[in-house]
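**Q** Next comes the structure file protein-v7.tsv, holding TSV, C-alpha atoms.
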```tsv
chain	number	residue	atom	x	y	z
A	17	MET	CA	5.36	-60.45	27.12
A	18	ALA	CA	4.11	-57.03	28.13
A	19	LYS	CA	3.12	-58.45	31.52
A	20	ASN	CA	6.62	-59.89	31.89
A	21	ASN	CA	8.13	-56.53	31.07
A	22	ILE	CA	5.99	-54.76	33.67
A	23	MET	CA	6.93	-57.43	36.18
A	24	ARG	CA	10.61	-56.92	35.41
A	25	ILE	CA	10.34	-53.13	35.68
A	26	ASN	CA	8.50	-53.52	38.99
A	27	LEU	CA	11.13	-55.86	40.33
A	28	VAL	CA	14.06	-53.66	39.25
A	29	LEU	CA	12.45	-50.49	40.58
A	30	ASP	CA	11.44	-52.07	43.89
A	31	SER	CA	14.96	-53.44	44.39
A	32	ALA	CA	16.41	-50.03	43.50
A	33	LEU	CA	14.02	-48.39	45.96
A	34	LEU	CA	15.04	-50.71	48.77
A	35	LEU	CA	18.76	-50.26	48.02
A	36	LEU	CA	18.36	-46.49	47.80
A	37	PHE	CA	16.49	-46.46	51.10
A	38	LEU	CA	19.28	-48.46	52.75
A	39	PHE	CA	21.90	-46.18	51.16
A	40	VAL	CA	20.21	-42.96	52.24
A	41	HIS	CA	19.64	-44.32	55.75
A	42	GLU	CA	23.40	-44.36	56.43
A	43	GLN	CA	23.91	-40.62	56.75
A	44	LYS	CA	27.15	-40.88	58.71
A	45	ALA	CA	28.69	-43.15	56.08
A	46	ILE	CA	27.70	-41.29	52.91
A	47	GLY	CA	27.92	-37.72	54.14
A	48	LEU	CA	25.26	-35.06	54.45
A	49	PHE	CA	25.39	-33.92	50.81
A	50	LEU	CA	24.61	-37.36	49.32
A	51	HIS	CA	22.14	-38.09	52.13
A	52	GLU	CA	20.02	-35.07	51.31
A	53	TRP	CA	20.11	-35.21	47.50
A	54	CYS	CA	19.55	-38.97	47.40
A	55	GLY	CA	16.74	-38.47	49.91
A	56	LEU	CA	15.01	-36.14	47.48
A	57	LEU	CA	15.59	-38.70	44.71
A	58	LEU	CA	14.02	-41.31	46.99
A	59	LEU	CA	10.85	-39.23	47.14
A	60	ILE	CA	10.56	-39.37	43.33
A	61	VAL	CA	11.22	-43.13	43.29
A	62	VAL	CA	8.57	-43.63	46.00
A	63	ILE	CA	6.01	-41.76	43.88
A	64	ILE	CA	6.91	-43.93	40.84
A	65	HIS	CA	6.61	-47.03	43.05
A	66	ILE	CA	3.12	-45.98	44.13
A	67	LEU	CA	2.13	-45.26	40.52
A	68	LEU	CA	3.37	-48.66	39.34
A	69	HIS	CA	1.42	-50.46	42.07
A	70	TRP	CA	-1.63	-48.22	41.69
A	71	ASN	CA	-3.93	-51.07	40.67
A	72	TRP	CA	-3.14	-53.02	43.83
A	73	ILE	CA	-3.57	-49.94	46.02
A	74	ASP	CA	-6.80	-49.01	44.25
A	75	GLY	CA	-8.20	-52.53	44.56
A	76	VAL	CA	-7.31	-52.86	48.24
A	77	PHE	CA	-8.54	-49.41	49.28
A	78	ARG	CA	-11.83	-49.70	47.46
A	79	LYS	CA	-12.62	-52.61	49.78
A	80	PHE	CA	-11.29	-50.78	52.84
A	81	PHE	CA	-14.46	-50.94	54.89
A	82	ARG	CA	-15.48	-54.38	53.72
A	83	LYS	CA	-14.66	-57.60	55.51
A	84	MET	CA	-11.35	-59.02	54.32
A	85	LYS	CA	-8.58	-61.47	55.17
A	86	VAL	CA	-6.47	-60.58	58.22
A	87	GLU	CA	-3.31	-60.63	56.14
A	88	THR	CA	-4.70	-58.16	53.63
A	89	ARG	CA	-5.90	-55.89	56.44
A	90	ILE	CA	-2.45	-55.95	58.09
A	91	ASN	CA	-0.89	-55.25	54.69
A	92	GLN	CA	-3.21	-52.30	54.22
A	93	ILE	CA	-2.35	-50.81	57.62
A	94	ILE	CA	1.40	-51.29	57.03
A	95	VAL	CA	1.18	-49.58	53.63
A	96	ILE	CA	-0.68	-46.59	55.12
A	97	LEU	CA	1.82	-46.32	57.96
A	98	ILE	CA	4.78	-46.50	55.54
A	99	TYR	CA	3.23	-43.76	53.43
A	100	ILE	CA	2.79	-41.54	56.47
A	101	GLY	CA	6.24	-42.49	57.74
A	102	ILE	CA	7.97	-41.68	54.45
A	103	THR	CA	6.13	-38.36	54.24
A	104	VAL	CA	7.14	-37.47	57.80
A	105	VAL	CA	10.76	-38.47	57.13
A	106	MET	CA	10.87	-36.44	53.91
A	107	PHE	CA	9.16	-33.36	55.31
A	108	SER	CA	11.17	-33.27	58.55
A	109	GLY	CA	14.32	-33.90	56.48
A	110	ILE	CA	13.48	-30.93	54.27
A	111	MET	CA	12.88	-28.80	57.35
A	112	ILE	CA	16.31	-29.55	58.83
A	113	SER	CA	18.18	-29.65	55.52
A	114	ARG	CA	21.62	-28.04	55.55
A	115	GLU	CA	22.82	-28.84	52.02
A	116	ALA	CA	20.09	-29.48	49.45
A	117	ILE	CA	17.33	-27.05	50.38
A	118	PRO	CA	19.59	-24.09	51.29
A	119	ALA	CA	21.34	-24.68	47.93
A	120	ILE	CA	18.03	-23.89	46.21
A	121	GLY	CA	17.86	-20.69	48.23
A	122	ILE	CA	15.30	-21.67	50.84
A	123	HIS	CA	16.18	-21.12	54.49
A	124	THR	CA	15.36	-24.04	56.72
A	125	ALA	CA	14.25	-24.20	60.34
A	126	LYS	CA	16.79	-24.81	63.08
A	127	ASN	CA	14.37	-26.51	65.40
A	128	ILE	CA	15.18	-29.48	67.58
A	129	PHE	CA	11.62	-30.83	67.11
A	130	TRP	CA	12.12	-31.53	63.40
A	131	LYS	CA	15.44	-33.25	64.09
A	132	TRP	CA	13.86	-35.42	66.76
A	133	LEU	CA	10.91	-36.22	64.45
A	134	HIS	CA	13.26	-37.08	61.56
A	135	PHE	CA	15.26	-39.59	63.61
A	136	LYS	CA	12.25	-41.17	65.30
A	137	SER	CA	10.23	-41.51	62.09
A	138	VAL	CA	13.20	-43.12	60.29
A	139	ASP	CA	13.55	-45.66	63.11
A	140	VAL	CA	9.88	-46.58	62.86
A	141	THR	CA	9.79	-46.55	59.04
A	142	ILE	CA	12.68	-48.99	58.68
A	143	TRP	CA	10.74	-51.54	60.74
A	144	LEU	CA	7.63	-50.92	58.66
A	145	VAL	CA	9.61	-51.34	55.43
A	146	ALA	CA	11.00	-54.60	56.79
A	147	ALA	CA	7.44	-55.76	57.52
A	148	HIS	CA	6.34	-54.63	54.03
A	149	VAL	CA	9.11	-56.67	52.39
A	150	GLY	CA	8.26	-59.61	54.63
A	151	MET	CA	4.57	-59.47	53.75
A	152	HIS	CA	5.35	-59.38	50.02
A	153	TRP	CA	8.20	-61.89	50.18
A	154	ARG	CA	6.32	-64.56	48.20
A	155	TRP	CA	5.42	-62.05	45.49
A	156	ILE	CA	9.06	-61.00	45.28
A	157	LEU	CA	10.24	-64.63	45.07
A	158	ASN	CA	7.62	-65.51	42.43
A	159	ASN	CA	8.61	-62.50	40.35
A	160	ILE	CA	12.31	-63.33	40.58
A	161	LYS	CA	11.50	-66.91	39.55
A	162	GLY	CA	9.35	-65.62	36.69
A	163	VAL	CA	12.06	-63.31	35.41
A	164	LEU	CA	14.73	-66.00	35.71
A	165	THR	CA	12.68	-68.69	33.93
A	166	ASP	CA	11.77	-66.17	31.22
A	167	ARG	CA	15.46	-65.47	30.68
A	168	LEU	CA	16.22	-69.22	30.58
A	169	PHE	CA	13.48	-69.75	27.99
A	170	ARG	CA	14.83	-66.92	25.93
A	171	LYS	CA	18.35	-68.32	26.03
A	172	SER	CA	17.22	-71.70	24.78
A	173	GLY	CA	14.41	-70.19	22.72
A	174	ASN	CA	15.12	-72.17	19.55
A	175	LYS	CA	15.09	-75.52	21.29
A	176	ILE	CA	12.28	-75.18	23.82
A	177	SER	CA	9.37	-72.83	23.83
A	178	LYS	CA	6.91	-72.25	26.69
A	179	ASP	CA	3.98	-73.55	24.64
A	180	ASN	CA	5.65	-76.89	23.97
A	181	LEU	CA	6.08	-77.70	27.62
A	182	PRO	CA	3.70	-80.22	29.18
A	183	VAL	CA	1.26	-78.63	31.61
B	73	MET	CA	-1.90	-38.89	30.67
B	74	ILE	CA	-4.58	-36.98	32.56
B	75	LYS	CA	-5.08	-40.04	34.73
B	76	LEU	CA	-1.37	-40.10	35.53
B	77	PHE	CA	-1.40	-36.41	36.47
B	78	PHE	CA	-4.43	-37.02	38.64
B	79	LYS	CA	-2.66	-39.86	40.43
B	80	VAL	CA	0.48	-37.78	41.05
B	81	PHE	CA	-1.69	-34.88	42.17
B	82	LEU	CA	-3.52	-37.16	44.60
B	83	ILE	CA	-0.24	-38.46	46.05
B	84	LEU	CA	1.14	-34.93	46.45
B	85	ILE	CA	-2.10	-33.66	47.99
B	86	THR	CA	-2.16	-36.41	50.62
B	87	MET	CA	1.53	-35.78	51.34
B	88	SER	CA	0.93	-32.08	51.79
B	89	VAL	CA	-2.02	-32.77	54.11
B	90	ILE	CA	0.28	-34.87	56.31
B	91	ALA	CA	2.94	-32.13	56.10
B	92	THR	CA	0.42	-29.47	57.14
B	93	CYS	CA	-0.62	-31.55	60.13
B	94	LEU	CA	3.05	-31.88	61.08
B	95	GLN	CA	3.53	-28.16	60.72
B	96	LEU	CA	0.61	-27.52	63.06
B	97	ILE	CA	1.99	-29.98	65.60
B	98	ALA	CA	5.41	-28.36	65.30
B	99	GLN	CA	3.97	-24.90	65.83
B	100	THR	CA	2.23	-25.90	69.03
B	101	ASN	CA	5.31	-27.81	70.13
B	102	VAL	CA	7.56	-24.87	69.33
B	103	ALA	CA	5.19	-22.47	71.01
B	104	LYS	CA	5.17	-24.61	74.14
B	105	SER	CA	8.93	-25.05	74.19
B	106	THR	CA	9.53	-21.37	73.48
B	107	ALA	CA	7.21	-20.32	76.28
B	108	SER	CA	8.80	-22.71	78.77
B	109	GLU	CA	12.28	-21.65	77.63
B	110	MET	CA	11.41	-17.97	78.10
B	111	MET	CA	10.01	-18.65	81.56
B	112	ARG	CA	13.11	-20.64	82.47
B	113	ARG	CA	15.35	-17.79	81.27
B	114	GLN	CA	13.31	-15.24	83.16
B	115	ARG	CA	13.55	-17.28	86.35
B	116	ALA	CA	17.27	-17.84	85.82
B	117	GLY	CA	17.78	-14.12	85.16
B	118	ARG	CA	16.02	-13.19	88.37
B	119	THR	CA	18.19	-15.52	90.47
B	120	GLU	CA	21.34	-14.54	88.59
B	121	ALA	CA	20.62	-10.86	89.24
B	122	ASN	CA	20.47	-11.50	92.98
B	123	LYS	CA	23.85	-13.20	93.01
B	124	THR	CA	27.09	-11.34	93.60
B	125	PHE	CA	30.27	-12.79	92.25
B	126	GLN	CA	33.56	-12.59	93.98
B	127	ILE	CA	36.45	-13.77	91.85
B	128	LYS	CA	39.39	-14.65	94.04
B	129	SER	CA	41.78	-15.82	91.35
B	130	VAL	CA	41.56	-15.62	87.59
B	131	PRO	CA	43.00	-18.58	85.67
B	132	THR	CA	45.40	-17.58	82.90
B	133	PHE	CA	44.37	-18.51	79.37
B	134	SER	CA	44.60	-17.06	75.90
B	135	GLY	CA	41.39	-15.38	74.83
B	136	GLU	CA	39.06	-12.64	75.74
B	137	LEU	CA	37.24	-12.40	79.02
B	138	LYS	CA	34.15	-10.28	79.20
B	139	SER	CA	32.47	-10.03	82.53
B	140	THR	CA	29.04	-8.60	83.11
B	141	GLN	CA	26.94	-8.95	86.20
B	142	GLY	CA	26.28	-12.58	86.79
B	143	GLU	CA	27.63	-13.68	83.42
B	144	ILE	CA	31.08	-14.64	82.27
B	145	LYS	CA	31.73	-15.00	78.57
B	146	SER	CA	34.88	-16.16	76.89
B	147	SER	CA	35.70	-16.40	73.22
B	148	VAL	CA	38.12	-19.30	73.64
B	149	VAL	CA	37.71	-21.98	70.95
B	150	PRO	CA	39.16	-25.36	71.88
B	151	ILE	CA	41.71	-26.58	69.36
B	152	ASP	CA	42.84	-30.13	68.76
B	153	VAL	CA	46.59	-30.20	69.42
B	154	LYS	CA	47.34	-32.91	66.84
B	155	SER	CA	45.55	-31.50	63.82
B	156	GLY	CA	45.59	-27.88	64.89
B	157	LYS	CA	41.91	-27.58	63.99
B	158	SER	CA	38.80	-27.04	66.05
B	159	PRO	CA	36.65	-30.14	66.86
B	160	ALA	CA	33.91	-28.77	64.60
B	161	ALA	CA	36.30	-28.68	61.64
B	162	ASN	CA	37.47	-32.21	62.45
B	163	ARG	CA	33.86	-33.42	62.57
B	164	GLU	CA	33.24	-31.84	59.16
B	165	LYS	CA	36.22	-33.76	57.81
B	166	GLU	CA	34.94	-37.03	59.25
B	167	ARG	CA	31.61	-36.60	57.43
B	168	GLY	CA	32.98	-37.84	54.10
B	169	PHE	CA	32.05	-41.07	52.30
B	170	SER	CA	32.99	-44.23	54.16
B	171	LEU	CA	32.35	-47.49	52.31
B	172	GLY	CA	33.07	-49.63	55.36
B	173	SER	CA	30.49	-48.02	57.59
B	174	LEU	CA	28.01	-47.89	54.69
B	175	LEU	CA	28.33	-51.64	54.14
B	176	PHE	CA	28.14	-52.29	57.88
B	177	GLY	CA	25.04	-50.13	58.31
B	178	ALA	CA	23.32	-51.50	55.20
B	179	SER	CA	24.01	-55.11	56.14
B	180	LYS	CA	22.65	-54.42	59.62
B	181	ASN	CA	19.41	-53.17	58.06
B	182	ILE	CA	19.29	-56.06	55.58
B	183	PHE	CA	19.67	-58.42	58.53
B	184	LEU	CA	16.77	-56.67	60.22
B	185	ILE	CA	14.62	-57.02	57.08
B	186	ALA	CA	15.58	-60.70	56.75
B	187	LEU	CA	14.72	-61.30	60.40
B	188	VAL	CA	11.30	-59.67	60.07
B	189	THR	CA	10.64	-61.60	56.83
B	190	LEU	CA	11.58	-64.85	58.54
B	191	ALA	CA	9.30	-64.06	61.46
B	192	ILE	CA	6.40	-63.32	59.10
B	193	GLU	CA	7.00	-66.51	57.10
B	194	LEU	CA	7.17	-68.55	60.31
B	195	THR	CA	3.95	-66.99	61.56
B	196	ARG	CA	2.30	-67.79	58.24
B	197	LYS	CA	3.49	-71.41	58.41
B	198	ILE	CA	2.40	-71.87	62.03
B	199	PHE	CA	-1.02	-70.35	61.46
B	200	GLY	CA	-1.39	-72.21	58.18
B	201	ARG	CA	-0.59	-75.50	59.87
B	202	PHE	CA	-2.94	-75.04	62.80
B	203	LYS	CA	-5.80	-73.69	60.76
B	204	PRO	CA	-8.75	-76.06	61.13
B	205	HIS	CA	-9.43	-77.89	57.87
B	206	VAL	CA	-13.02	-77.87	56.79
B	207	ALA	CA	-14.01	-80.94	54.80
```
Take the structure from the file and write it as structure tokens.
**A**
Amino acid sequence: MAKNNIMRINLVLDSALLLLFLFVHEQKAIGLFLHEWCGLLLLIVVIIHILLHWNWIDGVFRKFFRKMKVETRINQIIVILIYIGITVVMFSGIMISREAIPAIGIHTAKNIFWKWLHFKSVDVTIWLVAAHVGMHWRWILNNIKGVLTDRLFRKSGNKISKDNLPV
Amino acid sequence: MIKLFFKVFLILITMSVIATCLQLIAQTNVAKSTASEMMRRQRAGRTEANKTFQIKSVPTFSGELKSTQGEIKSSVVPIDVKSGKSPAANREKERGFSLGSLLFGASKNIFLIALVTLAIELTRKIFGRFKPHVA
């Protein structure tokens, strides 16, 4: 039950993170104000995402220099690149901020380099995020199935229970 | 709780290390660009100083014309005839929330994610199928 709850929280938070990322990405559509504040919110959600998947990260990085499956190695590299990418996007975004950061009272740089870096890193990160989702697609599907079947069992809880089902 | 703080601290530390590296790169980049910009200005100033301007006819327009040696400045701000506002003000107005373009942009990115996912799944299937089976 506790495992199911964690799974559900993970699934909801990961979906929210993806949706928020897609939302923040459309700066021209949502306006600069929402883009910057939601971007800062995204940073917090990313940190929570890392914390929730800490065991996986810990397990994979402990075996970093050992021989491992190609898929796991690719996964590892993609995760590192996304982490760097997100950090670059956030930091360059903070440096060129015109709404959120000046509102706190911090003057930001008006440098073309940070703007260029922000746009380029976003372009690369979106591809990396797509690859990340693709690599974990089966995990996502299994979790959705798990949550859905759990809900079905709960609905018909009086009639059928998980333990009574033939294995 | 301490473990959680340690984890957050670790995340923030690695992020700040990346940020510091970026800052260093930016400083060298800025230094380079500033130096080249200064040299370009200096060169331009030298050639501009050698030029003599001869204005035969001055076009009539509303605004202020300040003329120094080799430099003409005007404080004319272009105004959109329809709205009566400057293009900058119009651009500011256009920056509001637009659900249509948000949905279009988001669906474009979702399509990209779906495409990459499909490619990865196909690669998995192909490599899974052609993997030699060991009895």
**Q** Tell me, in Å to one decimal, how far atom CA of Lys136 of chain A is from atom CA of Leu56 of chain A.
**A**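 That distance, rounded to one decimal, is 18.7 Å.
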**Q** Quick one: pull the distance between atom CA of Ser173 of chain B and atom CA of Ala45 of chain A, Å, one decimal.
**A** 5.4 Å
**Q** Would you tabulate, counting only C-alpha atoms, all residues of chain B that have an atom at most 10 Å from an atom of chain A, showing the closest pair of atoms and their distance in Å to one decimal, sorted by chain then ascending number, as CSV?
**A**
```
residue,atom,partner,partner_atom,distance
B:Leu76,CA,A:Leu67,CA,8.0
B:Lys79,CA,A:Leu67,CA,7.2
B:Val80,CA,A:Ile63,CA,7.4
B:Ile83,CA,A:Ile63,CA,7.4
B:Leu84,CA,A:Ile63,CA,8.8
B:Thr86,CA,A:Ile100,CA,9.2
B:Met87,CA,A:Thr103,CA,6.0
B:Ser88,CA,A:Thr103,CA,8.5
B:Val89,CA,A:Thr103,CA,9.9
B:Ile90,CA,A:Thr103,CA,7.1
B:Ala91,CA,A:Phe107,CA,6.4
B:Thr92,CA,A:Phe107,CA,9.7
B:Leu94,CA,A:Val104,CA,7.7
B:Gln95,CA,A:Phe107,CA,9.4
B:Ile97,CA,A:Phe129,CA,9.8
B:Ala98,CA,A:Phe129,CA,6.9
B:Gln99,CA,A:Phe129,CA,9.8
B:Asn101,CA,A:Phe129,CA,7.6
B:Val102,CA,A:Phe129,CA,7.5
B:Ser105,CA,A:Phe129,CA,9.5
B:Glu164,CA,A:Gly47,CA,9.4
B:Lys165,CA,A:Gly47,CA,9.9
B:Glu166,CA,A:Lys44,CA,8.7
B:Arg167,CA,A:Gly47,CA,5.1
B:Gly168,CA,A:Gly47,CA,5.1
B:Phe169,CA,A:Ile46,CA,4.4
B:Ser170,CA,A:Ala45,CA,4.8
B:Leu171,CA,A:Ala45,CA,6.8
B:Gly172,CA,A:Ala45,CA,7.9
B:Ser173,CA,A:Ala45,CA,5.4
B:Leu174,CA,A:Ala45,CA,5.0
B:Leu175,CA,A:Ala45,CA,8.7
B:Phe176,CA,A:Ala45,CA,9.3
B:Gly177,CA,A:Glu42,CA,6.3
B:Ala178,CA,A:Leu38,CA,5.6
B:Ser179,CA,A:Leu38,CA,8.8
B:Lys180,CA,A:Leu38,CA,9.7
B:Asn181,CA,A:Leu38,CA,7.1
B:Ile182,CA,A:Leu38,CA,8.1
B:Phe183,CA,A:Ala146,CA,9.6
B:Leu184,CA,A:Ala146,CA,7.0
B:Ile185,CA,A:Ala146,CA,4.4
B:Ala186,CA,A:Ala146,CA,7.6
B:Leu187,CA,A:Ala146,CA,8.5
B:Val188,CA,A:Ala146,CA,6.0
B:Thr189,CA,A:Gly150,CA,3.8
B:Leu190,CA,A:Gly150,CA,7.3
B:Ala191,CA,A:Gly150,CA,8.2
B:Ile192,CA,A:Gly150,CA,6.1
B:Glu193,CA,A:Gly150,CA,7.4
B:Arg196,CA,A:Glu87,CA,9.3
```
**Q** Just how far from atom CA of Ile160 of chain A is atom CA of Val95 of chain A, in Å to one decimal?
**A**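 Going from atom CA of Val95 of chain A over to atom CA of Ile160 of chain A covers 22.0 Å.
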**Q** Could you name the residues that touch Ile110 of chain A at 10 Å or less, counting only C-alpha atoms, but leaving out those on the same chain fewer than 3 positions away, as a PyMOL selection string?
**A** chain A and resi 52+55-56+104-107+113-118+124-125+130+134
